[in-house]
Amino acid sequence: MVKSTAKDAQDLIRTLWSAYSATPTNLKIIDHYVVFAVFTALIQVVYMALVGTFPFNSFLSGVLSCVGTAVLAVCLRIQVNKENKEFKDIAPERAFADFVLCNVVLHLVIMNFLG
């Protein structure tokens with residue numbers, strides 16, 4: 001039972017890796033950016049747990065900046081993906097412009113929240 005479960009998990013990981021290796025480079029770059037943003041948010045949460053939350057607005061601003069940026073990057077990935085039929089009419093340049101504009105608005109709100 002345990003051997004079959006481990007074998008199934010290995011087969012699943014191998015299948016996912018082979019499917020992901022066919023992913024275009026621009027989508028892989030966006031994926032790495034999302035992982036970096038989420039990892040940065042996790043580092044901030046761990047730091048807050050260890051050191052404390054004295055400037056709580058700063059902690060919230062940092063975490064929300066990372067999470068918001070990751071969400072916007074996922075939206076960019078969805079719009080740029082050629083296999084996604086819902087956004088086939090949107091040019092990649094427009095999707096990137098939307099991403100940049102939304103990031104500017106997000107970070108203006110976050111800077112305003114800092115005080």
# chains A, B, ... in the order shown; residues from 1 in each chain; ligands from 1
>>> residues_around(residues="segment 58-64 of chain A", least_positions_apart="6", cutoff="12 Å", atoms="only C-alpha atoms", output="PyMOL selection string")
chain A and resi 37-49+51-52+70-72+103+106-115
>>> select_by_dssp(residues="segment 49-88 of chain A", states="alpha helix (DSSP H)", output="NGL selection string")
:A and (49-51 or 56-80)
>>> write_last_selection(atoms="N, CA and C atoms", output="CSV table (one decimal), in the first residue's frame")
chain,number,residue,atom,x,y,z
A,49,ALA,N,6.8,36.8,13.3
A,49,ALA,CA,6.6,35.8,14.4
A,49,ALA,C,7.8,35.8,15.4
A,50,LEU,N,9.0,35.9,14.9
A,50,LEU,CA,10.2,35.9,15.7
A,50,LEU,C,10.5,37.2,16.4
A,51,VAL,N,10.3,38.3,15.8
A,51,VAL,CA,10.8,39.6,16.3
A,51,VAL,C,9.6,40.3,17.0
A,56,PHE,N,3.2,47.6,13.1
A,56,PHE,CA,2.3,46.7,12.4
A,56,PHE,C,1.9,47.2,11.0
A,57,ASN,N,1.7,48.5,10.8
A,57,ASN,CA,1.4,49.0,9.5
A,57,ASN,C,2.5,48.6,8.5
A,58,SER,N,3.7,48.6,8.9
A,58,SER,CA,4.8,48.2,8.0
A,58,SER,C,4.8,46.7,7.7
A,59,PHE,N,4.5,45.9,8.7
A,59,PHE,CA,4.3,44.5,8.4
A,59,PHE,C,3.2,44.2,7.4
A,60,LEU,N,2.0,44.8,7.7
A,60,LEU,CA,0.9,44.6,6.8
A,60,LEU,C,1.2,45.1,5.4
A,61,SER,N,1.8,46.3,5.3
A,61,SER,CA,2.1,46.8,4.0
A,61,SER,C,3.1,45.9,3.2
A,62,GLY,N,4.1,45.4,3.9
A,62,GLY,CA,5.0,44.5,3.2
A,62,GLY,C,4.4,43.2,2.7
A,63,VAL,N,3.6,42.6,3.6
A,63,VAL,CA,3.0,41.3,3.2
A,63,VAL,C,1.9,41.5,2.1
A,64,LEU,N,1.1,42.6,2.3
A,64,LEU,CA,0.1,42.8,1.3
A,64,LEU,C,0.7,43.2,-0.1
A,65,SER,N,1.9,43.9,0.0
A,65,SER,CA,2.6,44.2,-1.3
A,65,SER,C,3.0,43.0,-2.0
A,66,CYS,N,3.6,42.0,-1.2
A,66,CYS,CA,4.0,40.8,-1.8
A,66,CYS,C,2.9,39.9,-2.4
A,67,VAL,N,1.8,39.8,-1.6
A,67,VAL,CA,0.7,39.0,-2.0
A,67,VAL,C,-0.1,39.7,-3.1
A,68,GLY,N,-0.2,41.0,-3.1
A,68,GLY,CA,-0.9,41.7,-4.2
A,68,GLY,C,-0.1,41.6,-5.5
A,69,THR,N,1.2,41.7,-5.4
A,69,THR,CA,2.0,41.6,-6.6
A,69,THR,C,1.9,40.2,-7.1
A,70,ALA,N,1.9,39.2,-6.3
A,70,ALA,CA,1.8,37.8,-6.7
A,70,ALA,C,0.5,37.6,-7.4
A,71,VAL,N,-0.6,38.1,-6.9
A,71,VAL,CA,-1.9,38.0,-7.5
A,71,VAL,C,-2.0,38.6,-8.9
A,72,LEU,N,-1.4,39.8,-9.0
A,72,LEU,CA,-1.4,40.5,-10.2
A,72,LEU,C,-0.5,39.8,-11.3
A,73,ALA,N,0.6,39.1,-10.8
A,73,ALA,CA,1.4,38.4,-11.7
A,73,ALA,C,0.7,37.1,-12.2
A,74,VAL,N,-0.1,36.5,-11.3
A,74,VAL,CA,-0.9,35.4,-11.8
A,74,VAL,C,-1.9,35.8,-12.8
A,75,CYS,N,-2.5,37.0,-12.6
A,75,CYS,CA,-3.5,37.5,-13.6
A,75,CYS,C,-2.8,37.7,-14.9
A,76,LEU,N,-1.5,38.3,-14.9
A,76,LEU,CA,-0.7,38.5,-16.1
A,76,LEU,C,-0.5,37.2,-16.8
A,77,ARG,N,-0.1,36.1,-16.0
A,77,ARG,CA,0.2,34.8,-16.6
A,77,ARG,C,-1.1,34.3,-17.3
A,78,ILE,N,-2.2,34.4,-16.7
A,78,ILE,CA,-3.4,33.9,-17.3
A,78,ILE,C,-3.7,34.7,-18.6
A,79,GLN,N,-3.5,36.0,-18.7
A,79,GLN,CA,-3.8,36.7,-19.9
A,79,GLN,C,-2.8,36.5,-21.0
A,80,VAL,N,-1.5,36.2,-20.6
A,80,VAL,CA,-0.4,36.0,-21.6
A,80,VAL,C,-0.4,34.6,-22.2
>>> atom_distance(atom1="atom CA of Lys28 of chain A", atom2="atom CA of Gln10 of chain A")
22.1 Å
>>> closest_residue(among="A:Asn81, A:Ala97, A:Ser18, A:Lys7", to="Asp31 of chain A", atoms="only C-alpha atoms")
A:Asn81
>>> atom_distance(atom1="atom CA of Phe96 of chain A", atom2="atom CA of Ile30 of chain A")
11.2 Å
>>> atom_distance(atom1="atom CA of Leu27 of chain A", atom2="atom CA of Glu83 of chain A")
11.4 Å
